[in-house]
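Below is structure.txt, which holds compact mmCIF, C-alpha atoms.
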# COMPACT_ATOMS: atom_id res chain seq x y z
CA MET A 1 5.87 -54.33 -33.58
CA ASP A 2 7.70 -52.91 -36.63
CA LYS A 3 10.40 -54.81 -38.51
CA ASN A 4 13.37 -52.88 -37.13
CA SER A 5 12.46 -53.26 -33.48
CA LYS A 6 11.71 -56.95 -34.10
CA ASN A 7 15.21 -57.41 -35.55
CA ARG A 8 16.84 -55.44 -32.73
CA LYS A 9 15.03 -57.64 -30.22
CA PHE A 10 16.20 -60.78 -32.04
CA HIS A 11 19.85 -59.62 -32.04
CA PHE A 12 19.66 -58.61 -28.39
CA ARG A 13 18.29 -62.05 -27.51
CA ARG A 14 21.02 -63.74 -29.57
CA ARG A 15 23.72 -61.73 -27.79
CA CYS A 16 22.19 -62.64 -24.40
CA ILE A 17 22.13 -66.34 -25.33
CA GLN A 18 25.78 -66.14 -26.47
CA ALA A 19 26.82 -64.47 -23.22
CA VAL A 20 24.83 -66.85 -21.01
CA SER A 21 26.18 -69.93 -22.81
CA ALA A 22 29.76 -68.64 -22.49
CA LEU A 23 29.16 -68.18 -18.75
CA LEU A 24 27.48 -71.56 -18.34
CA TYR A 25 30.26 -73.38 -20.21
CA ASN A 26 32.76 -71.70 -17.86
CA ALA A 27 30.80 -71.62 -14.63
CA ASN A 28 33.69 -72.87 -12.46
CA LEU A 29 34.69 -69.34 -11.48
CA PRO A 30 36.97 -70.35 -8.56
CA GLY A 31 39.22 -72.06 -11.15
CA PHE A 32 40.15 -68.66 -12.57
CA ALA A 33 41.32 -67.56 -9.14
CA ASP A 34 43.45 -70.56 -8.19
CA GLY A 35 44.52 -71.89 -11.63
CA SER A 36 42.95 -75.33 -11.17
CA ILE A 37 40.50 -77.09 -13.47
CA TYR A 38 37.08 -78.49 -12.61
CA LYS A 39 37.00 -82.24 -11.91
CA GLY A 40 33.25 -82.90 -11.50
CA ARG A 41 31.21 -85.52 -13.36
CA SER A 42 29.78 -82.97 -15.81
CA LYS A 43 33.20 -82.98 -17.49
CA GLY A 44 32.19 -86.28 -19.10
CA VAL A 45 29.49 -84.46 -21.06
CA CYS A 46 30.25 -82.26 -24.07
CA VAL A 47 28.98 -78.76 -24.71
CA PRO A 48 27.93 -78.06 -28.31
CA GLY A 49 30.33 -75.13 -28.90
CA LEU A 50 34.12 -74.82 -29.01
CA ASN A 51 35.28 -74.44 -25.40
CA CYS A 52 38.55 -75.90 -24.13
CA TYR A 53 38.15 -78.40 -21.29
CA SER A 54 41.46 -77.24 -19.88
CA CYS A 55 40.05 -73.78 -19.30
CA PRO A 56 39.98 -73.26 -15.50
CA GLY A 57 36.30 -72.33 -15.79
CA ALA A 58 35.13 -75.18 -18.02
CA ILE A 59 32.55 -77.48 -16.43
CA ALA A 60 32.12 -79.73 -19.48
CA SER A 61 34.12 -81.13 -22.39
CA CYS A 62 34.92 -79.73 -25.81
CA PRO A 63 33.37 -81.94 -28.53
CA LEU A 64 36.41 -81.51 -30.81
CA GLY A 65 38.91 -82.47 -28.13
CA ALA A 66 36.73 -85.41 -27.09
CA LEU A 67 36.40 -86.53 -30.73
CA GLN A 68 40.16 -86.49 -31.35
CA ASN A 69 40.83 -88.41 -28.14
CA ALA A 70 38.14 -90.93 -29.00
CA LEU A 71 39.67 -91.40 -32.47
CA SER A 72 43.00 -92.04 -30.74
CA ASN A 73 41.41 -95.14 -29.15
CA LEU A 74 40.94 -96.76 -32.56
CA PRO A 75 41.02 -99.61 -33.43
CA ASN A 76 40.23 -100.84 -29.90
CA LYS A 77 37.15 -98.69 -29.36
CA LEU A 78 34.81 -96.91 -31.78
CA PRO A 79 34.10 -93.22 -30.96
CA LEU A 80 30.36 -93.91 -30.60
CA TYR A 81 29.72 -91.63 -27.62
CA ILE A 82 30.99 -88.47 -29.26
CA ILE A 83 29.61 -89.36 -32.71
CA GLY A 84 26.20 -89.83 -31.09
CA PHE A 85 26.50 -86.45 -29.40
CA LEU A 86 27.53 -84.70 -32.63
CA LEU A 87 24.70 -86.35 -34.57
CA LEU A 88 22.12 -85.18 -32.02
CA ALA A 89 23.57 -81.65 -31.82
CA GLY A 90 23.79 -81.48 -35.61
CA VAL A 91 20.24 -82.67 -36.26
CA GLY A 92 18.78 -80.47 -33.52
CA LEU A 93 20.80 -77.29 -33.92
CA GLY A 94 23.30 -77.53 -36.81
CA ARG A 95 25.23 -74.28 -37.20
CA VAL A 96 22.83 -72.50 -34.86
CA VAL A 97 25.51 -73.62 -32.38
CA CYS A 98 28.01 -71.32 -34.17
CA GLY A 99 25.66 -68.36 -34.14
CA PHE A 100 24.27 -68.73 -30.63
CA LEU A 101 26.20 -71.15 -28.46
CA CYS A 102 29.91 -70.72 -29.18
CA PRO A 103 31.97 -68.56 -26.78
CA PHE A 104 34.79 -68.24 -29.31
CA GLY A 105 32.27 -67.03 -31.89
CA LEU A 106 31.08 -64.39 -29.43
CA LEU A 107 34.65 -63.26 -28.82
CA GLN A 108 35.25 -62.90 -32.57
CA GLU A 109 32.08 -60.87 -33.00
CA LEU A 110 33.17 -58.53 -30.21
CA MET A 111 36.65 -58.18 -31.76
CA TYR A 112 35.01 -57.24 -35.06
CA LYS A 113 33.22 -54.36 -33.34
CA ILE A 114 36.57 -52.54 -32.95
CA PRO A 115 36.26 -49.69 -35.46
CA THR A 116 38.79 -50.29 -38.26
CA PRO A 117 38.58 -50.77 -42.04
CA LYS A 118 37.07 -54.21 -42.70
CA VAL A 119 37.85 -56.93 -45.25
CA ARG A 120 34.70 -57.55 -47.27
CA LYS A 121 33.63 -60.99 -48.37
CA SER A 122 34.64 -61.89 -51.90
CA ILE A 123 35.34 -64.83 -54.15
CA TRP A 124 38.63 -65.26 -52.24
CA THR A 125 37.03 -65.48 -48.81
CA ARG A 126 34.49 -67.90 -50.28
CA ARG A 127 37.29 -70.09 -51.61
CA LEU A 128 39.17 -69.85 -48.32
CA SER A 129 36.05 -71.04 -46.49
CA TRP A 130 36.72 -74.55 -47.85
CA LEU A 131 39.94 -74.64 -45.79
CA LYS A 132 38.02 -75.65 -42.66
CA TYR A 133 37.09 -78.96 -44.30
CA VAL A 134 40.80 -79.62 -44.96
CA VAL A 135 41.57 -78.77 -41.31
CA LEU A 136 38.78 -81.13 -40.23
CA ALA A 137 40.06 -83.98 -42.39
CA VAL A 138 43.78 -83.57 -41.65
CA PHE A 139 43.99 -82.34 -38.04
CA VAL A 140 40.85 -83.80 -36.48
CA ALA A 141 40.62 -87.13 -38.32
CA ILE A 142 43.71 -88.25 -40.27
CA LEU A 143 46.53 -87.22 -37.90
CA PRO A 144 44.95 -88.55 -34.65
CA ILE A 145 44.04 -91.82 -36.42
CA TRP A 146 47.50 -92.10 -38.00
CA TYR A 147 49.22 -91.57 -34.64
CA ALA A 148 46.88 -94.11 -33.02
CA PHE A 149 47.60 -96.79 -35.63
CA ALA A 150 51.26 -96.06 -36.39
CA GLN A 151 52.59 -95.10 -32.99
CA GLY A 152 49.88 -96.17 -30.56
CA MET A 153 49.77 -92.78 -28.89
CA PRO A 154 46.96 -90.21 -28.58
CA VAL A 155 47.71 -86.97 -30.42
CA PRO A 156 44.81 -84.50 -30.66
CA ALA A 157 46.48 -82.70 -33.56
CA PHE A 158 44.02 -79.82 -33.88
CA CYS A 159 44.23 -79.04 -30.15
CA LYS A 160 47.99 -79.45 -30.17
CA TYR A 161 48.94 -77.38 -33.21
CA ILE A 162 46.07 -74.99 -33.95
CA CYS A 163 43.21 -74.50 -31.47
CA PRO A 164 43.22 -70.84 -30.42
CA ALA A 165 40.44 -71.46 -27.89
CA GLY A 166 42.73 -73.85 -26.00
CA THR A 167 45.60 -71.38 -26.04
CA LEU A 168 43.44 -68.47 -24.97
CA GLU A 169 41.23 -70.17 -22.38
CA GLY A 170 43.62 -72.82 -21.11
CA GLY A 171 47.18 -71.90 -22.07
CA PHE A 172 47.32 -68.20 -21.19
CA PHE A 173 45.35 -68.65 -17.93
CA LEU A 174 47.20 -71.70 -16.65
CA LEU A 175 50.67 -70.57 -17.68
CA GLY A 176 49.96 -67.17 -16.19
CA MET A 177 49.04 -68.68 -12.85
CA ARG A 178 51.26 -71.71 -12.52
CA GLU A 179 55.03 -71.42 -12.44
CA GLU A 180 55.59 -75.14 -13.16
CA TYR A 181 53.78 -74.88 -16.52
CA ARG A 182 55.55 -71.65 -17.44
CA ALA A 183 58.84 -73.48 -17.09
CA LEU A 184 57.65 -76.10 -19.62
CA ALA A 185 56.58 -73.63 -22.31
CA GLY A 186 58.65 -74.16 -25.44
CA VAL A 187 58.46 -73.82 -29.21
CA LEU A 188 54.99 -75.36 -29.37
CA PHE A 189 53.51 -72.90 -26.89
CA HIS A 190 55.10 -69.96 -28.66
CA TRP A 191 53.76 -71.20 -32.01
CA LYS A 192 50.27 -71.53 -30.54
CA ALA A 193 50.47 -68.14 -28.83
CA VAL A 194 51.50 -66.42 -32.08
CA LEU A 195 48.81 -68.26 -34.04
CA CYS A 196 46.15 -67.37 -31.45
CA ALA A 197 47.20 -63.71 -31.49
CA ALA A 198 47.21 -63.69 -35.32
CA ILE A 199 43.72 -65.19 -35.45
CA LEU A 200 42.36 -62.68 -32.93
CA VAL A 201 43.95 -59.75 -34.79
CA CYS A 202 42.49 -61.06 -38.08
CA CYS A 203 39.07 -61.14 -36.45
CA ILE A 204 39.24 -57.37 -35.94
CA PHE A 205 39.28 -56.97 -39.72
CA ILE A 206 37.48 -60.11 -40.92
CA TYR A 207 34.06 -61.06 -39.58
CA ARG A 208 34.45 -64.37 -37.69
CA GLY A 209 37.63 -65.25 -39.58
CA PHE A 210 38.29 -68.37 -37.50
CA CYS A 211 34.74 -69.72 -37.95
CA ARG A 212 34.74 -69.05 -41.67
CA PHE A 213 38.13 -70.42 -42.61
CA ILE A 214 39.46 -72.72 -39.89
CA CYS A 215 36.92 -74.08 -37.40
CA PRO A 216 36.46 -77.84 -37.90
CA LEU A 217 33.52 -77.93 -35.48
CA GLY A 218 31.65 -75.50 -37.74
CA ALA A 219 32.60 -77.75 -40.66
CA ILE A 220 31.04 -80.75 -38.87
CA TYR A 221 27.83 -78.87 -38.09
CA SER A 222 27.66 -77.55 -41.66
CA PHE A 223 26.95 -81.11 -42.88
CA PHE A 224 23.59 -80.80 -41.12
CA SER A 225 22.59 -77.45 -42.63
CA ARG A 226 19.76 -78.87 -44.76
CA ILE A 227 18.20 -81.00 -42.06
CA ALA A 228 18.76 -79.16 -38.76
CA LEU A 229 15.56 -78.59 -36.82
CA LEU A 230 16.32 -74.99 -35.84
CA ALA A 231 17.55 -72.59 -38.51
CA VAL A 232 17.05 -69.27 -40.24
CA ARG A 233 14.76 -70.02 -43.16
CA VAL A 234 13.22 -68.34 -46.18
CA ASP A 235 9.50 -68.49 -46.82
CA LYS A 236 9.56 -69.33 -50.54
CA LYS A 237 6.04 -68.02 -51.05
CA LEU A 238 7.10 -64.53 -49.95
CA CYS A 239 10.66 -64.48 -51.39
CA ASN A 240 11.09 -62.49 -54.62
CA GLY A 241 14.71 -63.63 -55.18
CA CYS A 242 16.21 -60.13 -54.90
CA GLY A 243 19.40 -61.46 -53.24
CA LEU A 244 19.63 -58.64 -50.67
CA CYS A 245 19.84 -61.21 -47.88
CA VAL A 246 22.99 -62.79 -49.36
CA LYS A 247 24.56 -59.34 -49.85
CA ALA A 248 23.78 -58.36 -46.25
CA CYS A 249 25.20 -61.57 -44.78
CA PRO A 250 28.74 -61.20 -43.39
CA MET A 251 29.44 -64.93 -43.92
CA ASP A 252 30.29 -66.58 -47.27
CA ILE A 253 26.82 -67.88 -48.02
CA ARG A 254 25.35 -68.53 -51.46
CA GLN A 255 21.83 -68.71 -50.03
CA VAL A 256 20.27 -68.27 -46.62
CA GLY A 257 20.57 -71.46 -44.58
CA ASP A 258 23.35 -73.10 -46.59
CA HIS A 259 26.47 -74.73 -45.11
CA GLU A 260 28.15 -71.36 -44.41
CA CYS A 261 25.11 -69.83 -42.69
CA ILE A 262 25.44 -69.52 -38.89
CA HIS A 263 21.78 -68.50 -38.53
CA CYS A 264 22.61 -65.17 -36.89
CA GLY A 265 19.63 -63.48 -38.54
CA HIS A 266 21.56 -60.51 -39.99
CA CYS A 267 19.78 -61.14 -43.27
CA ALA A 268 16.26 -60.70 -41.90
CA ALA A 269 16.62 -56.93 -41.61
CA SER A 270 17.54 -56.64 -45.29
CA CYS A 271 14.55 -58.58 -46.61
CA PRO A 272 11.96 -56.24 -48.15
CA LYS A 273 9.34 -58.99 -48.10
CA ASN A 274 9.80 -60.18 -44.52
CA ALA A 275 10.35 -63.66 -45.92
CA ILE A 276 13.11 -64.66 -43.50
CA TYR A 277 12.24 -66.23 -40.19
CA PHE A 278 13.96 -68.21 -37.44
CA GLY A 279 12.74 -71.52 -36.10
CA LYS A 280 11.23 -74.76 -37.30
CA GLU A 281 10.31 -75.15 -40.96
CA ARG A 282 6.86 -74.05 -42.11
CA LYS A 283 4.87 -76.65 -44.04
CA SER A 284 5.10 -74.82 -47.40
CA ASP A 285 8.91 -74.72 -47.14
CA TYR A 286 9.05 -78.47 -46.61
CA GLU A 287 7.33 -78.94 -49.95
CA ASN A 288 9.72 -76.53 -51.71
CA LYS A 289 12.76 -78.25 -50.22
CA GLU A 290 11.44 -81.65 -51.24
CA LYS A 291 11.09 -80.41 -54.81
CA SER A 292 14.64 -78.98 -54.89
CA ILE A 293 16.06 -82.25 -53.51
CA SER A 294 14.20 -84.44 -56.01
CA LYS A 295 15.41 -82.27 -58.97
CA MET B 1 6.18 -87.97 -44.06
CA THR B 2 8.62 -85.79 -46.01
CA LYS B 3 12.12 -86.98 -46.93
CA ILE B 4 13.75 -84.28 -44.80
CA LYS B 5 11.73 -85.32 -41.78
CA ALA B 6 12.57 -88.97 -42.38
CA VAL B 7 16.31 -88.24 -42.65
CA ARG B 8 16.10 -86.09 -39.52
CA ILE B 9 14.39 -88.85 -37.54
CA ALA B 10 16.79 -91.50 -38.86
CA LEU B 11 19.85 -89.45 -37.91
CA ALA B 12 18.43 -88.54 -34.51
CA GLY B 13 17.71 -92.23 -33.91
CA ALA B 14 21.23 -93.18 -35.03
CA GLY B 15 22.62 -90.46 -32.75
CA LEU B 16 20.66 -91.73 -29.75
CA PHE B 17 21.71 -95.29 -30.49
CA ALA B 18 25.39 -94.30 -30.86
CA LEU B 19 25.27 -92.19 -27.70
CA THR B 20 23.74 -95.02 -25.67
CA ALA B 21 26.12 -97.61 -27.12
CA GLY B 22 29.01 -95.22 -26.47
CA ILE B 23 28.03 -94.77 -22.82
CA LEU B 24 27.75 -98.57 -22.36
CA GLN B 25 31.12 -98.95 -24.06
CA GLY B 26 32.75 -96.52 -21.61
CA GLY B 27 32.84 -93.42 -23.80
CA TYR B 28 31.54 -91.17 -21.02
CA GLN B 29 34.23 -92.40 -18.63
CA ASP B 30 36.95 -91.93 -21.28
CA THR B 31 35.82 -88.36 -21.94
CA LEU B 32 35.63 -87.66 -18.21
CA MET B 33 39.09 -89.12 -17.53
CA LYS B 34 40.63 -86.96 -20.27
CA ALA B 35 38.78 -83.79 -19.29
CA VAL B 36 39.53 -83.80 -15.56
CA ARG B 37 43.27 -83.71 -16.24
CA ILE B 38 44.93 -80.66 -17.73
CA CYS B 39 45.36 -81.35 -21.45
CA MET B 40 48.99 -80.48 -22.13
CA GLU B 41 48.43 -80.46 -25.91
CA CYS B 42 45.51 -78.04 -25.58
CA ILE B 43 47.42 -75.50 -23.53
CA GLY B 44 50.45 -75.77 -25.78
CA ILE B 45 53.06 -77.60 -23.74
CA GLY B 46 52.28 -81.22 -24.61

Is it possible to give me this structure as structure tokens?
Amino acid sequence: MDKNSKNRKFHFRRRCIQAVSALLYNANLPGFADGSIYKGRSKGVCVPGLNCYSCPGAIASCPLGALQNALSNLPNKLPLYIIGFLLLAGVGLGRVVCGFLCPFGLLQELMYKIPTPKVRKSIWTRRLSWLKYVVLAVFVAILPIWYAFAQGMPVPAFCKYICPAGTLEGGFFLLGMREEYRALAGVLFHWKAVLCAAILVCCIFIYRGFCRFICPLGAIYSFFSRIALLAVRVDKKLCNGCGLCVKACPMDIRQVGDHECIHCGHCAASCPKNAIYFGKERKSDYENKEKSISK
Amino acid sequence: MTKIKAVRIALAGAGLFALTAGILQGGYQDTLMKAVRICMECIGIG
């Protein structure tokens, strides 16, 4: 099989996995018809990607929402359950979750397919990519913990003030179907609706703008980029350091597989040496990584 | 065993331990209780 058809097959498989995971996360199809949410026991388990548990279709929990609510139980209870889940997902998959298993990532990629002039990555987008760590620290950790300690009330600040997935999957559906919720919509809902619309419009012009600049779940998984079991990797024996992979990547990476890499495999097509592969690390790459860590 | 592999195994072990301890502590029930009710904050009216 030649290189191009191999890459096309990889991207087709990735798109299928994205679509299937979006469907599996939201398999409660009757919920979309009657505006109710699923109440089964699987809701106690988290999915790895960003998917609002108040979406009528959701059959499991969002790890970010669960994390903020668990932090709201401090100091009475440590958030061990969700930290354990995030550690296992991070070690096993890392940001492969962003590239393969996130419905909101899929939506952004589809928005970006709308033919318009595009904003290219630059030093400014690279700088802006650090914003997601600020969002993670302030909205996912500090504010929920502060509210828990100072006021004794649970406030999932990221869900409440920012999360466009919650507005899109939960807010628009439920408010559209249920009169009683429509009557309650105030300033906060309008703020979230405008923010969600702005993010989606940005994603037409900027590749995965939300993932790159805002998503705190991507920020959490990025901490595992060097140790995750599954990843896009470079065979150092074959690599000639031409840098075409970094140029071809639509994310703000400095090298393939770093904390900004979502392991989508766009780079593989650009590699003249066929040095980029997806999967577990080959033995020779272990040795190279060990050397770079010990330096 | 390489350092990367050792860190990976240590973190996976810590993750399993935390997950199990979290379930015993009631973390699963807490998550379930929150998720089966409509989250007013998430949909923008809380």

Any idea which chain B residues end up within 7 Å of chain A if we count all atoms listed in the file, as JSON, numbers by chain please?
-> {"B": [3, 4, 8, 11, 12, 15, 16, 18, 19, 21, 22, 23, 27, 28, 29, 31, 32, 35, 36, 38, 39, 41, 42, 43, 44, 45]}

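Relative to atom CA of A:Ala198, atom CA of A:Gly105 is found at 15.7 Å.
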
So how far away is atom CA of A:Ile206 from atom CA of A:Val97, in Å?
->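 According to the coordinates, atom CA of A:Val97 and atom CA of A:Ile206 are separated by 20.0 Å.
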
Could you check how far atom CA of A:Arg13 sits from atom CA of A:Pro250, in Å to one decimal?
-> 19.0 Å

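Proximity to A:Ile17 at 12 Å, evaluated using all atoms listed in the file and with sequence-adjacent residues fewer than 6 positions away removed, yields Phe10, His11, Leu23, Leu24, Tyr25, Val96, Val97, Cys98, Gly99, Phe100, Leu101, Cys102, Pro103, Leu106 and Cys264 of chain A.
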